[in-house]
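Visitor: The structure file model16.cif (mmCIF, C-alpha atoms and all ligand atoms) is provided below.
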```
data_work
loop_
_atom_site.group_PDB
_atom_site.id
_atom_site.type_symbol
_atom_site.label_atom_id
_atom_site.label_comp_id
_atom_site.auth_asym_id
_atom_site.auth_seq_id
_atom_site.Cartn_x
_atom_site.Cartn_y
_atom_site.Cartn_z
ATOM 1 C CA MET A 1 149.156 160.333 78.093
ATOM 2 C CA THR A 2 147.956 160.058 81.702
ATOM 3 C CA ASP A 3 146.941 156.774 83.358
ATOM 4 C CA ASP A 4 143.313 157.982 83.292
ATOM 5 C CA ALA A 5 143.437 158.443 79.529
ATOM 6 C CA ALA A 6 144.857 154.926 79.034
ATOM 7 C CA ARG A 7 142.125 153.280 81.156
ATOM 8 C CA PRO A 8 139.086 151.945 79.219
ATOM 9 C CA PRO A 9 135.938 154.066 79.745
ATOM 10 C CA GLU A 10 133.653 153.042 82.638
ATOM 11 C CA PRO A 11 130.744 151.029 81.158
ATOM 12 C CA ALA A 12 127.321 152.727 81.461
ATOM 13 C CA PRO A 13 125.066 151.336 84.239
ATOM 14 C CA ARG A 14 122.385 148.835 83.172
ATOM 15 C CA THR A 15 119.116 147.811 84.779
ATOM 16 C CA THR A 16 118.279 144.222 85.753
ATOM 17 C CA ALA A 17 115.460 144.369 83.185
ATOM 18 C CA ALA A 18 117.874 145.102 80.330
ATOM 19 C CA SER A 19 119.434 141.626 80.519
ATOM 20 C CA ARG A 20 116.599 139.563 82.071
ATOM 21 C CA THR A 21 116.089 136.412 79.969
ATOM 22 C CA MET A 22 113.675 133.489 79.710
ATOM 23 C CA LEU A 23 114.465 130.225 77.879
ATOM 24 C CA SER A 24 111.942 127.437 77.219
ATOM 25 C CA HIS A 25 112.493 123.803 76.283
ATOM 26 C CA ILE A 26 110.356 120.652 75.946
ATOM 27 C CA MET A 27 112.153 117.785 77.700
ATOM 28 C CA GLY A 28 112.722 114.794 75.415
ATOM 29 C CA PRO A 29 113.187 111.036 75.937
ATOM 30 C CA THR A 30 116.991 111.230 75.632
ATOM 31 C CA GLU A 31 117.133 113.518 78.669
ATOM 32 C CA VAL A 32 115.760 111.126 81.290
ATOM 33 C CA ASN A 33 117.428 108.795 83.780
ATOM 34 C CA LEU A 34 116.425 105.214 84.569
ATOM 35 C CA LEU A 35 113.611 106.452 86.825
ATOM 36 C CA GLY A 36 112.000 108.284 83.901
ATOM 37 C CA THR A 37 112.703 111.747 85.270
ATOM 38 C CA VAL A 38 115.001 114.310 83.674
ATOM 39 C CA HIS A 39 118.708 114.146 84.649
ATOM 40 C CA GLY A 40 119.797 116.836 87.098
ATOM 41 C CA GLY A 41 122.707 117.556 84.756
ATOM 42 C CA VAL A 42 120.303 118.411 81.927
ATOM 43 C CA VAL A 43 118.584 120.957 84.159
ATOM 44 C CA MET A 44 121.988 122.341 85.244
ATOM 45 C CA LYS A 45 123.053 122.806 81.604
ATOM 46 C CA PHE A 46 119.768 124.598 80.898
ATOM 47 C CA VAL A 47 120.352 126.833 83.938
ATOM 48 C CA ASP A 48 123.939 127.561 82.845
ATOM 49 C CA ASP A 49 122.730 128.439 79.315
ATOM 50 C CA VAL A 50 120.137 130.960 80.436
ATOM 51 C CA ALA A 51 122.446 132.477 83.055
ATOM 52 C CA GLY A 52 125.219 132.773 80.448
ATOM 53 C CA ALA A 53 122.861 134.651 78.146
ATOM 54 C CA VAL A 54 122.039 137.085 80.967
ATOM 55 C CA ALA A 55 125.711 137.591 81.859
ATOM 56 C CA GLY A 56 126.608 138.171 78.200
ATOM 57 C CA ARG A 57 123.788 140.688 77.801
ATOM 58 C CA HIS A 58 124.645 142.592 80.968
ATOM 59 C CA SER A 59 128.381 142.701 80.318
ATOM 60 C CA GLY A 60 128.061 143.312 76.570
ATOM 61 C CA GLY A 61 130.366 140.449 75.589
ATOM 62 C CA PRO A 62 131.684 137.034 76.562
ATOM 63 C CA ALA A 63 131.374 135.823 80.135
ATOM 64 C CA VAL A 64 132.419 132.478 81.632
ATOM 65 C CA THR A 65 130.890 130.477 84.467
ATOM 66 C CA ALA A 66 133.143 130.828 87.519
ATOM 67 C CA ALA A 67 130.886 129.140 90.077
ATOM 68 C CA MET A 68 127.487 127.554 90.407
ATOM 69 C CA ASP A 69 126.075 127.252 93.880
ATOM 70 C CA GLU A 70 122.867 126.639 95.768
ATOM 71 C CA MET A 71 121.527 124.504 92.928
ATOM 72 C CA GLN A 72 118.316 123.131 94.355
ATOM 73 C CA PHE A 73 116.100 120.496 92.733
ATOM 74 C CA LEU A 74 112.676 120.933 94.257
ATOM 75 C CA ASN A 75 110.456 118.719 92.077
ATOM 76 C CA PRO A 76 111.094 116.129 89.346
ATOM 77 C CA VAL A 77 110.844 117.073 85.675
ATOM 78 C CA ARG A 78 109.345 114.508 83.268
ATOM 79 C CA VAL A 79 109.503 113.799 79.544
ATOM 80 C CA GLY A 80 107.260 116.188 77.626
ATOM 81 C CA ASP A 81 107.227 118.848 80.341
ATOM 82 C CA LEU A 82 107.502 122.375 78.993
ATOM 83 C CA VAL A 83 110.255 123.909 81.114
ATOM 84 C CA HIS A 84 110.965 127.631 81.454
ATOM 85 C CA ALA A 85 114.103 129.130 83.028
ATOM 86 C CA TYR A 86 113.898 132.763 84.182
ATOM 87 C CA ALA A 87 117.156 134.548 84.956
ATOM 88 C CA GLN A 88 118.418 137.970 85.963
ATOM 89 C CA VAL A 89 121.535 139.641 87.320
ATOM 90 C CA ASN A 90 121.267 140.005 91.098
ATOM 91 C CA TRP A 91 124.610 141.623 91.867
ATOM 92 C CA VAL A 92 127.746 142.841 90.116
ATOM 93 C CA GLY A 93 131.308 143.354 91.300
ATOM 94 C CA ALA A 94 134.210 144.796 89.332
ATOM 95 C CA THR A 95 134.342 141.932 86.797
ATOM 96 C CA SER A 96 131.930 139.313 88.160
ATOM 97 C CA MET A 97 128.146 139.009 88.235
ATOM 98 C CA GLU A 98 125.790 136.828 90.245
ATOM 99 C CA VAL A 99 122.857 135.548 88.177
ATOM 100 C CA GLY A 100 119.783 134.013 89.822
ATOM 101 C CA VAL A 101 117.765 131.381 87.922
ATOM 102 C CA ARG A 102 114.310 130.002 88.655
ATOM 103 C CA VAL A 103 113.078 126.963 86.691
ATOM 104 C CA MET A 104 109.354 126.275 86.256
ATOM 105 C CA ALA A 105 107.731 123.246 84.558
ATOM 106 C CA GLU A 106 104.332 122.782 82.938
ATOM 107 C CA PRO A 107 103.386 119.075 82.932
ATOM 108 C CA TRP A 108 102.521 117.906 79.402
ATOM 109 C CA ASN A 109 99.494 115.903 80.580
ATOM 110 C CA GLU A 110 97.935 118.491 82.900
ATOM 111 C CA ALA A 111 97.086 121.366 80.571
ATOM 112 C CA GLY A 112 95.954 124.509 82.319
ATOM 113 C CA THR A 113 97.585 123.759 85.686
ATOM 114 C CA ALA A 114 99.922 126.333 87.171
ATOM 115 C CA PRO A 115 103.629 125.752 86.353
ATOM 116 C CA ARG A 116 105.558 124.073 89.203
ATOM 117 C CA HIS A 117 108.755 125.501 90.638
ATOM 118 C CA VAL A 118 111.252 122.688 89.956
ATOM 119 C CA ALA A 119 114.703 124.201 90.526
ATOM 120 C CA SER A 120 116.632 127.320 91.538
ATOM 121 C CA ALA A 121 120.280 128.259 91.346
ATOM 122 C CA TYR A 122 122.760 131.102 91.774
ATOM 123 C CA LEU A 123 125.739 131.322 89.427
ATOM 124 C CA VAL A 124 128.773 133.577 89.275
ATOM 125 C CA PHE A 125 129.970 134.658 85.835
ATOM 126 C CA VAL A 126 133.115 136.615 85.051
ATOM 127 C CA ALA A 127 133.212 138.861 81.983
ATOM 128 C CA VAL A 128 136.345 138.165 79.943
ATOM 129 C CA ASP A 129 138.228 139.864 77.138
ATOM 130 C CA ASP A 130 139.622 138.211 74.016
ATOM 131 C CA LYS A 131 142.563 136.861 76.050
ATOM 132 C CA GLY A 132 140.260 135.285 78.645
ATOM 133 C CA GLN A 133 141.223 137.913 81.245
ATOM 134 C CA PRO A 134 138.552 139.461 83.506
ATOM 135 C CA ARG A 135 137.172 142.776 82.177
ATOM 136 C CA GLY A 136 134.998 145.426 83.832
ATOM 137 C CA VAL A 137 131.213 145.037 83.914
ATOM 138 C CA PRO A 138 128.582 147.804 83.976
ATOM 139 C CA PRO A 139 127.204 148.811 87.381
ATOM 140 C CA LEU A 140 123.740 147.418 88.116
ATOM 141 C CA VAL A 141 120.707 149.696 88.451
ATOM 142 C CA LEU A 142 118.238 148.324 91.016
ATOM 143 C CA GLU A 143 114.730 149.493 90.147
ATOM 144 C CA THR A 144 112.330 147.533 92.351
ATOM 145 C CA ASP A 145 112.071 146.278 95.932
ATOM 146 C CA LEU A 146 112.531 142.755 94.568
ATOM 147 C CA ASP A 147 115.775 143.823 92.836
ATOM 148 C CA ARG A 148 116.964 145.344 96.112
ATOM 149 C CA ARG A 149 116.102 142.203 98.125
ATOM 150 C CA ARG A 150 117.888 139.943 95.612
ATOM 151 C CA HIS A 151 120.919 142.247 95.621
ATOM 152 C CA ALA A 152 121.126 142.241 99.427
ATOM 153 C CA GLU A 153 120.869 138.433 99.537
ATOM 154 C CA ALA A 154 123.521 138.115 96.783
ATOM 155 C CA GLU A 155 125.907 140.215 98.905
ATOM 156 C CA ILE A 156 125.433 137.737 101.758
ATOM 157 C CA ARG A 157 126.205 134.807 99.429
ATOM 158 C CA ARG A 158 129.271 136.628 98.041
ATOM 159 C CA SER A 159 130.694 137.287 101.519
ATOM 160 C CA HIS A 160 130.090 133.642 102.487
ATOM 161 C CA ARG A 161 131.798 132.384 99.291
ATOM 162 C CA LEU A 162 134.855 134.542 99.939
ATOM 163 C CA ALA A 163 135.009 133.632 103.630
ATOM 164 C CA ARG A 164 134.697 129.918 102.837
ATOM 165 C CA ARG A 165 137.458 130.129 100.209
ATOM 166 C CA ARG A 166 139.776 131.973 102.619
ATOM 167 C CA ALA A 167 139.060 129.478 105.434
ATOM 168 C CA ILE A 168 139.770 126.472 103.202
ATOM 169 C CA GLN A 169 142.989 128.029 101.883
ATOM 170 C CA ALA A 170 144.112 128.769 105.449
ATOM 171 C CA ALA A 171 143.242 125.233 106.564
ATOM 172 C CA ARG A 172 145.157 123.696 103.655
ATOM 173 C CA ALA A 173 148.162 125.914 104.289
ATOM 174 C CA GLY A 174 148.258 124.646 107.880
ATOM 175 C CA ALA A 175 147.416 120.999 107.119
ATOM 176 C CA VAL A 176 149.938 118.130 107.091
ATOM 177 C CA GLY A 177 150.871 117.700 103.413
ATOM 178 C CA GLY A 178 149.576 121.261 102.805
ATOM 179 C CA THR A 179 148.856 122.283 99.246
ATOM 180 C CA GLY A 180 151.694 120.147 97.941
ATOM 181 C CA SER A 181 149.728 116.873 98.161
ATOM 182 C CA ALA A 182 148.738 115.194 94.877
ATOM 183 C CA PRO A 183 145.003 115.711 94.248
ATOM 184 C CA GLU A 184 144.840 112.853 91.741
ATOM 185 C CA ALA A 185 145.786 110.458 94.512
ATOM 186 C CA GLU A 186 143.137 111.754 96.895
ATOM 187 C CA GLY A 187 139.976 112.146 94.855
ATOM 188 C CA ALA A 188 137.850 115.242 94.733
ATOM 189 C CA ASP A 189 139.936 118.181 95.998
ATOM 190 C CA ALA A 190 138.843 121.421 94.300
HETATM 191 C C1 LIG B 201 136.691 132.813 85.993
HETATM 192 C C2 LIG B 201 138.120 133.262 85.691
HETATM 193 C C3 LIG B 201 138.144 134.113 84.415
HETATM 194 C C4 LIG B 201 138.592 134.117 86.879
HETATM 195 O O1 LIG B 201 139.931 134.456 86.607
HETATM 196 P P1 LIG B 201 140.898 134.932 87.800
HETATM 197 O O2 LIG B 201 142.197 135.303 87.205
HETATM 198 O O3 LIG B 201 140.843 133.933 88.895
HETATM 199 O O4 LIG B 201 140.177 136.250 88.212
HETATM 200 P P2 LIG B 201 140.263 137.084 89.558
HETATM 201 O O5 LIG B 201 140.862 136.326 90.694
HETATM 202 O O6 LIG B 201 140.876 138.391 89.165
HETATM 203 O O7 LIG B 201 138.724 137.295 89.872
HETATM 204 C C5 LIG B 201 137.904 138.000 88.967
HETATM 205 C C6 LIG B 201 136.519 138.078 89.572
HETATM 206 O O8 LIG B 201 135.920 136.789 89.585
HETATM 207 C C7 LIG B 201 135.516 136.448 90.896
HETATM 208 N N1 LIG B 201 135.721 135.019 91.047
HETATM 209 C C8 LIG B 201 136.765 134.288 90.577
HETATM 210 N N2 LIG B 201 136.597 132.994 90.895
HETATM 211 C C9 LIG B 201 135.424 132.916 91.568
HETATM 212 C C10 LIG B 201 134.689 131.848 92.154
HETATM 213 N N3 LIG B 201 135.119 130.586 92.130
HETATM 214 N N4 LIG B 201 133.526 132.133 92.778
HETATM 215 C C11 LIG B 201 133.057 133.394 92.798
HETATM 216 N N5 LIG B 201 133.690 134.461 92.250
HETATM 217 C C12 LIG B 201 134.869 134.200 91.651
HETATM 218 C C13 LIG B 201 136.409 137.271 91.801
HETATM 219 O O9 LIG B 201 135.824 137.466 93.077
HETATM 220 C C14 LIG B 201 136.500 138.573 91.015
HETATM 221 O O10 LIG B 201 135.288 139.319 91.175
HETATM 222 P P3 LIG B 201 135.246 140.943 91.061
HETATM 223 O O11 LIG B 201 136.198 141.363 89.978
HETATM 224 O O12 LIG B 201 133.827 141.232 90.674
HETATM 225 O O13 LIG B 201 135.616 141.443 92.413
HETATM 226 C C15 LIG B 201 139.081 132.042 85.514
HETATM 227 O O14 LIG B 201 139.163 131.346 86.740
HETATM 228 C C16 LIG B 201 138.589 131.092 84.438
HETATM 229 O O15 LIG B 201 138.797 131.351 83.246
HETATM 230 N N6 LIG B 201 137.942 129.996 84.845
HETATM 231 C C17 LIG B 201 137.412 129.029 83.864
HETATM 232 C C18 LIG B 201 136.006 129.466 83.456
HETATM 233 C C19 LIG B 201 135.375 128.496 82.511
HETATM 234 O O16 LIG B 201 136.000 127.997 81.577
HETATM 235 N N7 LIG B 201 134.094 128.220 82.743
HETATM 236 C C20 LIG B 201 133.349 127.310 81.920
HETATM 237 C C21 LIG B 201 133.140 126.017 82.624
HETATM 238 S S1 LIG B 201 134.315 124.805 82.120
#
```
Give the structure from this file in structure tokens form.
Ligand SMILES: CC(C)(COP(=O)(O)OP(=O)(O)OC[C@H]1O[C@@H](n2cnc3c(N)ncnc32)[C@H](O)[C@@H]1OP(=O)(O)O)[C@@H](O)C(=O)NCCC(=O)NCCS

Guide:
Amino acid sequence: MTDDAARPPEPAPRTTAASRTMLSHIMGPTEVNLLGTVHGGVVMKFVDDVAGAVAGRHSGGPAVTAAMDEMQFLNPVRVGDLVHAYAQVNWVGATSMEVGVRVMAEPWNEAGTAPRHVASAYLVFVAVDDKGQPRGVPPLVLETDLDRRRHAEAEIRRSHRLARRRAIQAARAGAVGGTGSAPEAEGADA
């Protein structure tokens, strides 16, 4: 058997539309902080859920959250608000996918008003096999100008993420104490 024959078949390309997902939820009284607005962590969980559904649909199996960045909270969410999270794949690599999420809220006491944009985020998911190891994801078919813009912007974010990681690793390698220092003694090292 040749190496080519042993390799799993290349997954068929998929459009952004094939995995695009919307989740809705009415915020309840157990989800608020002392100010009466919804906890940021509740919104983040909601964002992670919808993005995970998109990543699972695109990759055709399990996918784990590898990174969540550019989480922006633009407006408060209140008890009773009907909240919608819209998500789609913006970019794919060999095993990872960037998913963009936009969260909109309809205030419970202002029927008929346009939903407000309350949060946005970009998450990286990695498709994994049954051993938790990264597995190949289908190429992404970009169909619209909006898809192409989101893809181009995702490439910029990807190159910044990689550059930042490399710079931090290089700085730690050169720092006094280097990577051998004990993180538990120092707080929030990643
Ligand atoms: C995500 C995970 C599977 C990556 O495993 P790994 O052995 O580090 O994988 P690799 O270094 O081979 O990277 C695989 C891909 O993920 C990307 N990746 C890994 N970590 C990343 C990060 N922090 N940010 C962005 N991309 C990342 C790599 O760039 C690579 O992309 P590509 O294949 O599309 O080029 C592994 O770190 C993991 O299991 N993390 C825990 C995930 C989890 O449990 N999430 C739930 C929250 S608790």

Visitor: For each of A:Gln88, A:Gln72, A:Thr113, A:Thr65, take the minimum atom-to-atom distance to ligand LIG 201 (chain B), counting all atoms listed in the file, then give the residue where this is smallest.

Guide: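 The closest residue to ligand LIG 201 (chain B) is A:Thr65.
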
Visitor: Considering only C-alpha atoms and all ligand atoms, give me a table of residues in chain A that are at most 9 Å from ligand LIG 201 (chain B), with the closest atom pair and distance in Å for each, as a Markdown table.

Guide:
```
| residue | atom | partner | partner_atom | distance |
| --- | --- | --- | --- | --- |
| A:Ala63 | CA | B:LIG201 | C3 | 8.2 |
| A:Val64 | CA | B:LIG201 | N7 | 4.7 |
| A:Thr65 | CA | B:LIG201 | N7 | 4.3 |
| A:Ala66 | CA | B:LIG201 | C1 | 4.3 |
| A:Ala67 | CA | B:LIG201 | N4 | 4.8 |
| A:Met68 | CA | B:LIG201 | N4 | 7.9 |
| A:Asp69 | CA | B:LIG201 | N4 | 9.0 |
| A:Val92 | CA | B:LIG201 | O12 | 6.3 |
| A:Gly93 | CA | B:LIG201 | O12 | 3.4 |
| A:Ala94 | CA | B:LIG201 | O12 | 3.8 |
| A:Thr95 | CA | B:LIG201 | O11 | 3.7 |
| A:Ser96 | CA | B:LIG201 | O12 | 3.7 |
| A:Met97 | CA | B:LIG201 | O12 | 6.6 |
| A:Glu98 | CA | B:LIG201 | C11 | 8.4 |
| A:Leu123 | CA | B:LIG201 | C11 | 8.3 |
| A:Val124 | CA | B:LIG201 | C11 | 5.5 |
| A:Phe125 | CA | B:LIG201 | C1 | 7.0 |
| A:Val126 | CA | B:LIG201 | C1 | 5.3 |
| A:Ala127 | CA | B:LIG201 | C3 | 7.3 |
| A:Val128 | CA | B:LIG201 | C3 | 6.3 |
| A:Gly132 | CA | B:LIG201 | O15 | 6.2 |
| A:Gln133 | CA | B:LIG201 | C3 | 5.8 |
| A:Pro134 | CA | B:LIG201 | C3 | 5.4 |
| A:Arg135 | CA | B:LIG201 | O11 | 8.0 |
| A:Gly136 | CA | B:LIG201 | O11 | 7.5 |
| A:Val137 | CA | B:LIG201 | O12 | 8.2 |
| A:Arg158 | CA | B:LIG201 | C11 | 7.2 |
| A:Arg161 | CA | B:LIG201 | C11 | 6.7 |
| A:Leu162 | CA | B:LIG201 | C11 | 7.5 |
| A:Arg165 | CA | B:LIG201 | N3 | 8.4 |
```

Visitor: Could you save the residues just selected, with C-alpha atoms, as a tab-separated table (two decimals), keeping the file's coordinate frame?

Guide:
```tsv
chain	number	residue	atom	x	y	z
A	63	ALA	CA	131.37	135.82	80.14
A	64	VAL	CA	132.42	132.48	81.63
A	65	THR	CA	130.89	130.48	84.47
A	66	ALA	CA	133.14	130.83	87.52
A	67	ALA	CA	130.89	129.14	90.08
A	68	MET	CA	127.49	127.55	90.41
A	69	ASP	CA	126.08	127.25	93.88
A	92	VAL	CA	127.75	142.84	90.12
A	93	GLY	CA	131.31	143.35	91.30
A	94	ALA	CA	134.21	144.80	89.33
A	95	THR	CA	134.34	141.93	86.80
A	96	SER	CA	131.93	139.31	88.16
A	97	MET	CA	128.15	139.01	88.24
A	98	GLU	CA	125.79	136.83	90.24
A	123	LEU	CA	125.74	131.32	89.43
A	124	VAL	CA	128.77	133.58	89.28
A	125	PHE	CA	129.97	134.66	85.84
A	126	VAL	CA	133.12	136.62	85.05
A	127	ALA	CA	133.21	138.86	81.98
A	128	VAL	CA	136.34	138.16	79.94
A	132	GLY	CA	140.26	135.28	78.64
A	133	GLN	CA	141.22	137.91	81.24
A	134	PRO	CA	138.55	139.46	83.51
A	135	ARG	CA	137.17	142.78	82.18
A	136	GLY	CA	135.00	145.43	83.83
A	137	VAL	CA	131.21	145.04	83.91
A	158	ARG	CA	129.27	136.63	98.04
A	161	ARG	CA	131.80	132.38	99.29
A	162	LEU	CA	134.85	134.54	99.94
A	165	ARG	CA	137.46	130.13	100.21
```

Visitor: So the first atom is CA of Glu143 (chain A) and the second is CA of Met71 (chain A); what is the distance between them in Å, to one decimal place?

Guide: 26.0 Å

Visitor: What gap, in Å, lies between CA of Arg57 (chain A) and CA of Ala18 (chain A)?

Guide: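 So the two atoms, CA of Arg57 (chain A) and CA of Ala18 (chain A), lie 7.8 Å apart.
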
Visitor: May I ask for the distance between CA of Phe73 (chain A) and CA of Ile156 (chain A), given in Å to one decimal place?

Guide: 21.6 Å

Visitor: Any idea what's packed within 8 Å of region 22-27 of chain A, counting all atoms listed in the file, ignoring anything in its chain fewer than 6 positions away? Could you give it as a ChimeraX atom specification?

Guide: /A:38,50,78-87

Visitor: Assuming the chain letters and numbering stay as they are in my file, what does the PyMOL selection byres (((chain A and resi 103) around 9) and not hetatm) actually select? List them as an MDAnalysis selection string.

Guide: chainID A and resid 43 47 83:87 101:102 104:105 116:121

Visitor: Check the smallest atom-to-atom distance from each of A:Glu110, A:Pro115, A:Glu70, A:Val77 to Val42 (chain A) using all atoms listed in the file, then report the winner.

Guide: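 Residue with the minimum atom-to-atom distance to Val42 (chain A): A:Val77.
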
Visitor: Using only C-alpha atoms, list the residues that have an atom at most 6 Å from (118.2, 147.4, 87.4), coordinates as in the file, as a ChimeraX atom specification.

Guide: /A:15-17,140-143

Visitor: Closest to Ala154 (chain A) among A:Gly52, A:Gly100, A:Pro29, A:Pro107, using only C-alpha atoms?

Guide: A:Gly100

Visitor: Which residue out of A:Glu10, A:Gly60, A:Ala175, A:Pro76 has the minimum interatomic distance to Asp129 (chain A) when all atoms listed in the file are used?

Guide: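 Among A:Glu10, A:Gly60, A:Ala175, A:Pro76, it is A:Gly60 that comes nearest to Asp129 (chain A).
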
Visitor: Work out where the centre of an axis-aligned box around every listed atom of region 32-51 of chain A lies and how long its edges are once 6 Å is added on each side; give both in Å to one decimal as AutoDock Vina command-line options.

Guide:
```
--center_x 118.0 --center_y 118.8 --center_z 83.2 --size_x 23.9 --size_y 39.3 --size_z 19.8
```

Visitor: Counting only C-alpha atoms, which residue out of A:Asn75, A:Gln169, A:Ser59, A:Thr144 sits closest to Pro11 (chain A)?

Guide: A:Ser59
